[in-house]
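S.K.: Have a look at the structure that comes next, please.
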Amino acid sequence: MQVGINLLCLSGFIEAEHLDHLHRLKDLGYDGVEVPVLRGAPAHYKWLGRELDRIGLRRTSTSVIPSALANPVSSDPAERQAGRQHLDWAMDCAIALGSESLGGPVHAPIGHFTGQGATADELNHGAEAHRALAERAQANGMIISLEPLNRFETYFLNTTEQAAAYAERVDHPAFRIMYDTFHAHIEEQSQPRAIARLGKHLGVLHVSENDRGIPGRGQIDFAAVFAAIRATGHDGWVTLEAFGAGLPELAAATRVWRPLFPDFETLFAESILFLRQQWADAAP
């Protein structure tokens with residue numbers, strides 16, 4: 001297992017002012033960080049990759065589809081093409097960063113709905129785009145970890161059953177699924193059963209409490225989650241995702257309007273102890 005943390009708790013764009021926090025994460029024993037790729041150019045992420053190398057942190061990355069006008073699953077060919085170009089930009093940034101995975105909901109725009117579930121055409125358009133992205137990932141020693149979201153954030157992929165079927169549709173060794181315990185807490189009747197269905201398709205595990213605050217303080221049965229994860233044989237990234245109220249662009253997408261942790265030190269220190277203990281307790 002490698003323990004990471006999604007840096008959206010700090011900012012949507014990681015700059016020099018955040019480096020002290022990254023040093024602290026290393027001191028606390030995090031193996032790496034998950035870097036948001038929401039804006040900027042590959043040159044910026046190359047700089048950040050060098051800084052992370054100096055600190056000694058590995059990295060994954062996450063991105064989103066920013067607009068329905070650049071949507072890889074759209075029925076409109078121009079929108080699909082713009083969506084494919086956006087995916088290529090995100091991959092360019094992730095490669096420059098030295099990322100091991102490009103993940104997140106890089107399928108349909110968050111908050112965009114059509115009034116129905118994903119159509120066969122949309123699934124086929126998405127699979128074509130993600131297969132091409134997985135080809136690039138594999139050529140650069142990476143994987144894709146696509147994230148299903150709950151029904152209030154997207155219509156495209158909501159459940160683990162849908163996500164596993166979609167992975168089988170894409171059918172590429174570098175294409176995986178990001179399992180997020182927050183979204184699954186809303187959509188799944190049983191997280192252990194959902195994790196077992198995902199099985200070999202699991203790429204990155206997002207550990208996120210039901211309120212998106214510090215894991216272990218809420219309702220999710222993480223002992224059952226970690227036991228199920230270990231039963232799959234997963235030995236990759238286990239990444240904390242917690243959100244604060246200080247990012248307007250994130251609040252608009254996730255509806256987080258209040259502080260969900262008292263301070264960064266508490267979030268960082270308490271979470272890594274919790275994750276490592278849960279992993280150890282779930283050992284066969």
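The chains in the structure tokens are called A, B, ... from first to last as shown; in each chain the residues are counted from 1, and the ligands are counted from 1 in the order shown.
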Could I get the residues of region 177-269 of chain A with an atom no further than 12 Å from an atom of region 275-279 of chain A, each paired with its nearest atom pair and that distance in Å to one decimal, using only C-alpha atoms, sorted by chain and residue number, as a tab-separated table?

M.R.:
```
residue	atom	partner	partner_atom	distance
A:Leu205	CA	A:Leu275	CA	11.4
A:His206	CA	A:Leu275	CA	11.1
A:Val207	CA	A:Leu275	CA	8.4
A:Ser208	CA	A:Leu275	CA	10.9
A:Glu209	CA	A:Leu275	CA	11.9
A:Ile214	CA	A:Leu275	CA	10.7
A:Pro215	CA	A:Leu275	CA	8.2
A:Gly216	CA	A:Leu275	CA	9.0
A:Asp221	CA	A:Gln278	CA	10.6
A:Phe222	CA	A:Gln278	CA	7.3
A:Ala223	CA	A:Gln278	CA	6.3
A:Ala224	CA	A:Gln278	CA	9.5
A:Val225	CA	A:Gln278	CA	9.2
A:Phe226	CA	A:Trp279	CA	6.2
A:Ala227	CA	A:Trp279	CA	8.0
A:Ala228	CA	A:Trp279	CA	10.7
A:Ile229	CA	A:Trp279	CA	9.2
A:Arg230	CA	A:Trp279	CA	8.0
A:Ala231	CA	A:Trp279	CA	11.4
A:His234	CA	A:Trp279	CA	11.1
A:Asp235	CA	A:Trp279	CA	10.3
A:Gly236	CA	A:Trp279	CA	11.9
A:Trp237	CA	A:Leu275	CA	11.4
A:Val238	CA	A:Leu275	CA	8.1
A:Thr239	CA	A:Leu275	CA	8.9
A:Leu240	CA	A:Leu275	CA	8.3
A:Glu241	CA	A:Leu275	CA	11.7
A:Leu267	CA	A:Leu275	CA	11.8
A:Phe268	CA	A:Leu275	CA	10.8
A:Ala269	CA	A:Leu275	CA	10.4
```

S.K.: Name all residues at most 8 Å from Met142 (chain A) (count only C-alpha atoms; drop same-chain ones fewer than 6 positions away) and give them as a PyMOL selection string.

M.R.: chain A and resi 99-102+174

S.K.: Separation of CA of Asn6 (chain A) and CA of Ala134 (chain A), in Å?

M.R.: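 Computing the Euclidean distance for CA of Asn6 (chain A) and CA of Ala134 (chain A) yields 21.6 Å.
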
S.K.: Residues at most 8 Å from Gly49 (chain A), counting only C-alpha atoms, excluding those fewer than 2 positions away in the same chain, as a short mmCIF file (atom, residue, chain, number, x, y, z; two decimals) with all heavy atoms, in the first residue's frame?

M.R.:
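Just written: selection.cif:
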```cif
data_model
loop_
_atom_site.label_atom_id
_atom_site.label_comp_id
_atom_site.auth_asym_id
_atom_site.auth_seq_id
_atom_site.Cartn_x
_atom_site.Cartn_y
_atom_site.Cartn_z
N TYR A 45 3.56 21.78 -14.21
CA TYR A 45 3.55 20.47 -13.56
C TYR A 45 4.93 19.82 -13.61
O TYR A 45 5.27 19.03 -12.71
CB TYR A 45 2.45 19.60 -14.18
CG TYR A 45 1.08 20.17 -13.86
CD1 TYR A 45 0.44 21.02 -14.77
CD2 TYR A 45 0.47 19.94 -12.64
CE1 TYR A 45 -0.79 21.58 -14.48
CE2 TYR A 45 -0.75 20.51 -12.33
CZ TYR A 45 -1.38 21.33 -13.24
OH TYR A 45 -2.59 21.91 -12.94
N LYS A 46 5.71 20.13 -14.60
CA LYS A 46 7.08 19.65 -14.63
C LYS A 46 7.87 20.26 -13.47
O LYS A 46 8.64 19.57 -12.80
CB LYS A 46 7.74 19.97 -15.97
CG LYS A 46 9.08 19.26 -16.19
CD LYS A 46 9.55 19.44 -17.61
CE LYS A 46 10.80 18.60 -17.88
NZ LYS A 46 10.54 17.15 -17.78
N TRP A 47 7.68 21.57 -13.24
CA TRP A 47 8.31 22.23 -12.08
C TRP A 47 7.87 21.55 -10.78
O TRP A 47 8.70 21.23 -9.93
CB TRP A 47 7.92 23.71 -12.04
CG TRP A 47 8.19 24.33 -10.70
CD1 TRP A 47 9.38 24.79 -10.23
CD2 TRP A 47 7.24 24.50 -9.63
NE1 TRP A 47 9.24 25.24 -8.93
CE2 TRP A 47 7.93 25.07 -8.55
CE3 TRP A 47 5.89 24.21 -9.49
CZ2 TRP A 47 7.31 25.36 -7.33
CZ3 TRP A 47 5.26 24.49 -8.29
CH2 TRP A 47 5.97 25.07 -7.23
N GLU A 51 9.97 19.51 -7.71
CA GLU A 51 9.87 19.83 -6.29
C GLU A 51 9.47 18.60 -5.48
O GLU A 51 10.01 18.35 -4.40
CB GLU A 51 8.86 20.97 -6.06
CG GLU A 51 9.27 22.30 -6.64
CD GLU A 51 10.56 22.83 -6.03
OE1 GLU A 51 10.77 22.67 -4.81
OE2 GLU A 51 11.36 23.41 -6.79
N LEU A 52 8.54 17.82 -6.00
CA LEU A 52 8.12 16.60 -5.31
C LEU A 52 9.25 15.59 -5.25
O LEU A 52 9.41 14.87 -4.25
CB LEU A 52 6.89 16.01 -5.99
CG LEU A 52 5.60 16.83 -5.85
CD1 LEU A 52 4.52 16.28 -6.76
CD2 LEU A 52 5.12 16.85 -4.40
N ASP A 53 10.05 15.51 -6.30
CA ASP A 53 11.22 14.63 -6.27
C ASP A 53 12.18 15.06 -5.17
O ASP A 53 12.73 14.22 -4.45
CB ASP A 53 11.94 14.67 -7.62
CG ASP A 53 11.22 13.87 -8.70
OD1 ASP A 53 10.40 13.00 -8.34
OD2 ASP A 53 11.48 14.11 -9.89
N ALA A 96 4.10 15.29 -17.49
CA ALA A 96 5.11 16.26 -17.04
C ALA A 96 5.33 16.17 -15.55
O ALA A 96 6.46 16.33 -15.06
CB ALA A 96 4.69 17.66 -17.45
N LEU A 97 4.27 15.92 -14.81
CA LEU A 97 4.33 15.80 -13.35
C LEU A 97 5.08 14.55 -12.90
O LEU A 97 5.64 14.52 -11.81
CB LEU A 97 2.90 15.79 -12.80
CG LEU A 97 2.70 15.66 -11.30
CD1 LEU A 97 3.19 16.91 -10.57
CD2 LEU A 97 1.22 15.42 -11.00
N GLY A 98 5.10 13.53 -13.75
CA GLY A 98 5.65 12.24 -13.35
C GLY A 98 4.64 11.42 -12.58
O GLY A 98 4.98 10.63 -11.70
#
```

S.K.: Which residues in region 76-274 of chain A does DSSP call helix (DSSP H, G or I)? List them as a PyMOL selection string.

M.R.: chain A and resi 77-97+120-139+160-170+181-187+191-201+222-231+248-254+264-274

S.K.: For Asp31 (chain A), find every residue with an atom within 7 Å (counting only C-alpha atoms), except residues of its own chain fewer than 4 positions away, and show them as a list in words.

M.R.: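 My list of contacting residues is Gln2, Val3, Gly4, Leu57 and Arg58 of chain A.
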
S.K.: For region 254-261 of chain A, please output as a PyMOL selection string all residues within 8 Å (counting only C-alpha atoms; exclusion window: fewer than 6 positions along the same chain).

M.R.: chain A and resi 153+211-214+242-245+267

S.K.: Counting only C-alpha atoms, which residue out of A:Ala70, A:Ala41, A:Val64, A:Ala184 sits closest to Gly103 (chain A)?

M.R.: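 Looking at the shortest contact to Gly103 (chain A), the residue is A:Val64.
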
S.K.: Could you work out how far CA of Arg193 (chain A) lies from CA of Gly126 (chain A), giving the answer in Å with one decimal?

M.R.: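 Pair CA of Gly126 (chain A) / CA of Arg193 (chain A) returns 25.9 Å.
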
S.K.: Which distance in Å separates CA of Ser74 (chain A) and CA of Glu34 (chain A), to one decimal?

M.R.: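 That distance, rounded to one decimal, is 27.8 Å.
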
S.K.: Could you give me the residues within region 26-94 of chain A that DSSP places in strand (DSSP E), as a list of chain:residue names?

M.R.: A:Gly32, A:Val33, A:Glu34, A:Val35, A:Pro36, A:Arg58, A:Arg59, A:Thr60, A:Ser61, A:Thr62

S.K.: Which residues come within 12 Å of Gln116 (chain A), counting only C-alpha atoms, excluding same-chain residues fewer than 5 positions away, as a list in words?

M.R.: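 Answer for this query is Glu122, Arg151, Thr154, Tyr155, Phe156 and Leu157 of chain A.
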